[in-house]
$ cat target-v9.tsv   # TSV, C-alpha atoms
chain	number	residue	atom	x	y	z
W	1	MET	CA	-24.92	-19.10	-19.45
W	2	PRO	CA	-26.14	-22.33	-21.17
W	3	ARG	CA	-23.47	-24.94	-21.87
W	4	ARG	CA	-24.08	-24.75	-25.63
W	5	ALA	CA	-23.45	-20.98	-25.64
W	6	TRP	CA	-20.24	-21.44	-23.63
W	7	ALA	CA	-19.09	-24.15	-26.03
W	8	THR	CA	-19.74	-21.94	-29.06
W	9	MET	CA	-17.80	-19.05	-27.55
W	10	LEU	CA	-14.87	-21.29	-26.62
W	11	VAL	CA	-14.68	-22.59	-30.19
W	12	PHE	CA	-14.36	-19.04	-31.50
W	13	LEU	CA	-11.80	-18.04	-28.87
W	14	LEU	CA	-9.62	-21.13	-29.27
W	15	ALA	CA	-9.74	-20.97	-33.06
W	16	GLY	CA	-8.98	-17.25	-33.11
W	17	ALA	CA	-11.94	-16.70	-35.44
W	18	PRO	CA	-13.87	-13.41	-35.44
W	19	LEU	CA	-17.15	-13.41	-33.55
W	20	PRO	CA	-20.22	-12.72	-35.68
W	21	ALA	CA	-21.94	-9.38	-35.11
W	22	ARG	CA	-25.14	-10.98	-33.79
W	23	ALA	CA	-27.15	-13.97	-34.86
W	24	ALA	CA	-30.31	-11.95	-34.34
W	25	GLY	CA	-31.24	-8.66	-32.75
W	26	PRO	CA	-33.93	-8.05	-30.16
W	27	PRO	CA	-37.45	-8.83	-31.43
W	28	ASN	CA	-38.32	-5.13	-31.92
W	29	LEU	CA	-34.98	-4.13	-33.49
W	30	LEU	CA	-34.68	-4.35	-37.27
W	31	PRO	CA	-31.29	-4.93	-38.94
W	32	LEU	CA	-29.75	-1.95	-40.74
W	33	GLY	CA	-27.74	-4.00	-43.22
W	34	VAL	CA	-24.77	-6.32	-43.59
W	35	VAL	CA	-20.99	-6.12	-43.90
W	36	THR	CA	-20.03	-6.95	-47.49
W	37	GLN	CA	-16.26	-6.48	-47.21
W	38	ALA	CA	-13.98	-6.52	-44.17
W	39	SER	CA	-10.23	-6.55	-43.64
W	40	GLY	CA	-8.66	-5.39	-40.40
W	41	ALA	CA	-12.12	-4.24	-39.32
W	42	HIS	CA	-14.00	-4.34	-36.03
W	43	PHE	CA	-17.60	-4.53	-34.86
W	44	ASN	CA	-17.73	-2.84	-31.46
W	45	ALA	CA	-14.96	-4.71	-29.56
W	46	ALA	CA	-14.71	-7.80	-31.79
W	47	LYS	CA	-13.33	-8.46	-35.24
W	48	VAL	CA	-16.04	-8.21	-37.86
W	49	SER	CA	-16.54	-10.85	-40.53
W	50	LEU	CA	-18.09	-10.85	-43.98
W	51	GLY	CA	-21.86	-11.16	-43.80
W	52	SER	CA	-22.21	-9.82	-40.24
W	53	THR	CA	-25.61	-8.22	-39.61
W	54	ILE	CA	-25.53	-4.69	-38.19
W	55	TYR	CA	-28.18	-3.21	-35.91
W	56	ASP	CA	-29.04	0.19	-34.46
W	57	GLY	CA	-26.25	1.55	-32.26
W	58	ASP	CA	-23.53	-0.74	-33.59
W	59	GLY	CA	-20.06	0.72	-34.09
W	60	LEU	CA	-17.79	-0.17	-37.02
W	61	SER	CA	-14.10	0.70	-37.21
W	62	THR	CA	-10.95	-0.15	-39.15
W	63	GLU	CA	-7.29	-0.62	-38.31
W	64	PRO	CA	-4.68	1.60	-40.06
W	65	GLU	CA	-4.44	-0.81	-43.01
W	66	GLY	CA	-8.01	-2.04	-42.78
W	67	ALA	CA	-11.13	-1.53	-44.89
W	68	LEU	CA	-14.84	-2.19	-44.45
W	69	GLN	CA	-17.93	-1.91	-46.61
W	70	PHE	CA	-21.49	-1.88	-45.29
W	71	ARG	CA	-24.60	-2.26	-47.42
W	72	GLY	CA	-28.03	-1.15	-46.23
W	73	SER	CA	-31.41	-1.31	-47.93
W	74	ALA	CA	-30.89	1.90	-49.94
W	75	ALA	CA	-27.31	3.02	-49.28
W	76	GLN	CA	-23.81	1.75	-48.71
W	77	LEU	CA	-20.77	2.94	-46.77
W	78	TYR	CA	-17.06	2.37	-47.17
W	79	LEU	CA	-14.51	2.92	-44.39
W	80	PRO	CA	-10.80	3.10	-45.27
W	81	GLY	CA	-8.09	2.60	-42.65
W	82	SER	CA	-8.19	4.33	-39.23
W	83	SER	CA	-11.87	5.22	-39.52
W	84	GLY	CA	-14.92	4.61	-37.38
W	85	VAL	CA	-18.69	5.17	-37.45
W	86	THR	CA	-21.69	4.42	-35.26
W	87	LEU	CA	-24.86	3.49	-37.14
W	88	HIS	CA	-28.41	4.35	-36.10
W	89	GLY	CA	-31.72	3.37	-37.61
W	90	LEU	CA	-34.08	6.34	-37.98
W	91	PRO	CA	-37.54	6.43	-39.62
W	92	MET	CA	-37.00	5.82	-43.36
W	93	ARG	CA	-33.22	6.33	-43.19
W	94	THR	CA	-29.89	5.29	-41.69
W	95	GLN	CA	-27.67	7.72	-39.82
W	96	ALA	CA	-23.90	7.23	-39.65
W	97	GLN	CA	-22.04	9.21	-36.99
W	98	LEU	CA	-18.45	9.59	-38.13
W	99	GLN	CA	-16.21	9.30	-35.07
W	100	THR	CA	-12.82	9.41	-36.75
W	101	GLY	CA	-11.20	9.18	-40.17
W	102	THR	CA	-13.13	8.99	-43.44
W	103	VAL	CA	-16.40	7.59	-44.75
W	104	VAL	CA	-17.49	7.25	-48.38
W	105	PHE	CA	-21.23	6.86	-48.90
W	106	SER	CA	-23.40	6.06	-51.89
W	107	THR	CA	-27.17	6.30	-52.28
W	108	ALA	CA	-29.83	7.01	-54.89
W	109	LYS	CA	-32.39	8.33	-52.38
W	110	ALA	CA	-31.78	11.64	-50.61
W	111	ALA	CA	-33.60	10.53	-47.47
W	112	ALA	CA	-31.94	7.11	-47.19
W	113	MET	CA	-28.61	8.10	-45.60
W	114	GLU	CA	-27.21	10.97	-43.57
W	115	ILE	CA	-23.73	11.49	-42.14
W	116	ILE	CA	-23.13	13.28	-38.84
W	117	ALA	CA	-19.60	14.61	-38.35
W	118	ASP	CA	-18.81	16.90	-35.42
W	119	GLU	CA	-22.53	17.82	-35.19
W	120	ALA	CA	-22.67	18.79	-38.88
W	121	LEU	CA	-25.10	16.92	-41.15
W	122	ILE	CA	-24.26	15.82	-44.69
W	123	ARG	CA	-26.75	14.14	-47.01
W	124	ALA	CA	-27.69	13.90	-50.67
W	125	GLY	CA	-29.29	17.10	-51.93
W	126	ALA	CA	-31.81	15.32	-54.15
W	127	ASP	CA	-32.88	11.87	-55.27
W	128	GLY	CA	-30.47	10.39	-57.81
W	129	PRO	CA	-27.10	8.61	-57.77
W	130	THR	CA	-24.92	10.28	-55.14
W	131	VAL	CA	-21.38	9.46	-54.04
W	132	ALA	CA	-19.53	11.56	-51.47
W	133	GLN	CA	-16.60	11.44	-49.08
W	134	VAL	CA	-16.49	13.01	-45.61
W	135	THR	CA	-13.31	13.26	-43.52
W	136	ILE	CA	-12.63	14.60	-40.03
W	137	ILE	CA	-9.25	16.33	-40.33
W	138	GLY	CA	-9.20	18.02	-36.93
W	139	PRO	CA	-11.33	19.51	-34.15
W	140	LYS	CA	-14.16	21.48	-35.78
W	141	GLU	CA	-12.64	20.85	-39.20
W	142	LEU	CA	-14.02	18.68	-42.01
W	143	GLN	CA	-13.21	17.88	-45.61
W	144	ILE	CA	-16.12	17.05	-47.92
W	145	CYS	CA	-16.16	16.05	-51.58
W	146	ALA	CA	-19.24	15.52	-53.76
W	147	ARG	CA	-17.95	13.04	-56.32
W	148	ARG	CA	-21.38	12.50	-57.86
W	149	GLY	CA	-24.61	14.38	-57.20
W	150	VAL	CA	-25.32	17.47	-55.10
W	151	LEU	CA	-24.89	17.45	-51.31
W	152	GLN	CA	-26.66	19.35	-48.57
W	153	PHE	CA	-24.52	20.51	-45.65
W	154	ALA	CA	-26.16	21.75	-42.44
W	155	TYR	CA	-24.72	23.00	-39.16
W	156	ALA	CA	-26.21	24.99	-36.28
W	157	GLY	CA	-29.37	25.80	-38.21
W	158	GLU	CA	-27.63	27.03	-41.37
W	159	THR	CA	-27.35	25.11	-44.65
W	160	GLU	CA	-25.32	25.17	-47.86
W	161	LYS	CA	-25.39	23.21	-51.11
W	162	ILE	CA	-22.22	21.50	-52.32
W	163	ALA	CA	-22.25	21.11	-56.10
W	164	GLU	CA	-21.32	17.90	-57.88
W	165	GLY	CA	-17.55	17.65	-58.28
W	166	ALA	CA	-16.83	20.28	-55.60
W	167	SER	CA	-14.55	19.74	-52.61
W	168	TYR	CA	-14.45	21.89	-49.49
W	169	ARG	CA	-12.49	22.26	-46.31
W	170	ILE	CA	-15.05	23.36	-43.72
W	171	VAL	CA	-14.24	25.01	-40.39
W	172	LEU	CA	-17.04	24.98	-37.84
W	173	ASP	CA	-17.54	27.93	-35.47
W	174	PRO	CA	-14.61	29.93	-36.94
W	175	PRO	CA	-13.26	32.92	-34.97
W	176	GLU	CA	-14.51	36.24	-36.36
W	177	ALA	CA	-11.02	37.53	-37.10
W	178	ALA	CA	-9.25	34.29	-37.94
W	179	PRO	CA	-6.05	34.61	-40.02
W	180	PRO	CA	-5.98	33.01	-43.50
W	181	PHE	CA	-5.49	29.26	-43.53
W	182	PRO	CA	-2.17	27.95	-44.85
W	183	GLN	CA	-3.02	26.25	-48.13
W	184	ARG	CA	-1.37	22.90	-48.80
W	185	ARG	CA	-3.06	22.79	-52.20
W	186	PRO	CA	-4.14	25.60	-54.53
W	187	ALA	CA	-7.53	26.89	-53.42
W	188	LYS	CA	-10.10	29.33	-54.68
W	189	ALA	CA	-11.92	31.84	-52.54
W	190	GLY	CA	-14.26	30.17	-50.09
W	191	ARG	CA	-17.72	30.93	-48.74
W	192	GLU	CA	-18.11	32.36	-45.27
W	193	ASN	CA	-20.98	31.89	-42.89
W	194	LYS	CA	-21.54	32.91	-39.30
W	195	LYS	CA	-21.46	29.28	-38.18
W	196	PHE	CA	-18.92	27.81	-40.60
W	197	LYS	CA	-16.34	28.72	-43.22
W	198	MET	CA	-16.03	26.83	-46.51
W	199	ILE	CA	-12.75	26.83	-48.45
W	200	VAL	CA	-12.70	25.38	-51.95
W	201	ILE	CA	-10.13	22.62	-52.53
W	202	VAL	CA	-8.99	22.05	-56.10
W	203	ALA	CA	-7.76	18.48	-55.56
W	204	ILE	CA	-8.68	15.85	-53.02
W	205	ALA	CA	-7.38	12.33	-52.41
W	206	TRP	CA	-10.08	9.67	-52.44
W	207	ALA	CA	-10.06	6.70	-50.09
W	208	THR	CA	-9.13	4.14	-52.76
W	209	GLU	CA	-9.94	3.48	-56.39
W	210	TRP	CA	-11.39	0.16	-55.21
W	211	ALA	CA	-13.92	2.06	-53.11
W	212	LEU	CA	-14.89	4.24	-56.06
W	213	HIS	CA	-15.35	1.18	-58.26
W	214	GLU	CA	-17.61	-0.40	-55.65
W	215	VAL	CA	-19.84	2.63	-55.10
W	216	PHE	CA	-20.07	3.42	-58.82
W	217	GLU	CA	-20.72	-0.17	-59.87
W	218	SER	CA	-24.48	0.23	-59.30
W	219	PRO	CA	-25.16	3.76	-58.00
W	220	ASP	CA	-28.91	3.50	-58.55
W	221	ARG	CA	-29.08	0.30	-56.49
W	222	PRO	CA	-26.73	0.83	-53.50

$ encode --input "target-v9.tsv" --output "structure tokens"
Amino acid sequence: MPRRAWATMLVFLLAGAPLPARAAGPPNLLPLGVVTQASGAHFNAAKVSLGSTIYDGDGLSTEPEGALQFRGSAAQLYLPGSSGVTLHGLPMRTQAQLQTGTVVFSTAKAAAMEIIADEALIRAGADGPTVAQVTIIGPKELQICARRGVLQFAYAGETEKIAEGASYRIVLDPPEAAPPFPQRRPAKAGRENKKFKMIVIVAIAWATEWALHEVFESPDRP
């Protein structure tokens, strides 16, 4: 390794400062966006800093009390504490694979952002300001809320629309004769499907009011 590179790394290590994501990606790899807010957050194995550039395949995660916001060309993501995603650049869109916890996303273009959670796909149902929250609450179990705009949910070749303002607890590959779920909150009758079961949730806790303020501040220009 060149002496200058070693010297730069030693400065970061001795100072205890977070390493930047990357100064530049490979020549044929375009950046997906930048980190616009970070506290107790990590980029792959290092602490992430404000302004870090994120590329295809990069992982972002937060500590229990951490928070992170990522802004792409046509969408933005917010991670509250104990959450993690891996980002991928696909033709005309960004894909975020939710590994753990919760992600809030905002976009004005249906094709700009898609969330993958336990092999299920969640995206905006149409062009227009969209804000939604996706949470992994257990194996084969998700919680999805469409705060603004309609969502499209797809799993194992079957799709459903989630109306604006609706919140669902979704069980993937449910047993045919599963007993009723214990309801922690009042719930209406859900929708059943061969591949997944959707249970309406009357109330849902959002990540933070700060996150909502950020994603609503300019929903048509995420």

$ atom_distance --input "target-v9.tsv" --atom1 "CA of Pro129 in chain W" --atom2 "CA of Thr94 in chain W"
16.7 Å

$ residues_around --input "target-v9.tsv" --residues "range 37-44 of chain W" --least-positions-apart "4" --cutoff "8 Å" --atoms "only C-alpha atoms" --output "list in words"
Ala21, Val48, Ser49, Leu50, Asp58, Gly59, Leu60, Ser61, Thr62, Glu63, Glu65, Gly66, Ala67, Leu68, Gln69 and Phe70 of chain W

$ closest_residue --input "target-v9.tsv" --among "W:Lys195, W:Arg71, W:Lys47, W:Arg93" --to "Val171 in chain W" --atoms "all atoms listed in the file"
W:Lys195

$ residues_near_point --input "target-v9.tsv" --point "(-23.3, 6.4, -49.6)" --cutoff "8 Å" --atoms "all atoms listed in the file" --output "CSV table (one decimal) with C-alpha atoms, in the frame of the given file"
chain,number,residue,atom,x,y,z
W,75,ALA,CA,-27.3,3.0,-49.3
W,76,GLN,CA,-23.8,1.8,-48.7
W,77,LEU,CA,-20.8,2.9,-46.8
W,78,TYR,CA,-17.1,2.4,-47.2
W,104,VAL,CA,-17.5,7.2,-48.4
W,105,PHE,CA,-21.2,6.9,-48.9
W,106,SER,CA,-23.4,6.1,-51.9
W,107,THR,CA,-27.2,6.3,-52.3
W,113,MET,CA,-28.6,8.1,-45.6
W,130,THR,CA,-24.9,10.3,-55.1
W,131,VAL,CA,-21.4,9.5,-54.0
W,132,ALA,CA,-19.5,11.6,-51.5
W,215,VAL,CA,-19.8,2.6,-55.1
W,222,PRO,CA,-26.7,0.8,-53.5

$ closest_residue --input "target-v9.tsv" --among "W:Leu151, W:Ile162, W:Ala120, W:Ala46" --to "Phe196 in chain W" --atoms "all atoms listed in the file"
W:Ala120

$ residues_near_point --input "target-v9.tsv" --point "(-21.4, 18.6, -56.0)" --cutoff "8 Å" --atoms "all atoms listed in the file" --output "list in words"
Cys145, Ala146, Arg147, Arg148, Gly149, Val150, Leu151, Lys161, Ile162, Ala163, Glu164, Gly165, Ala166 and Ser167 of chain W
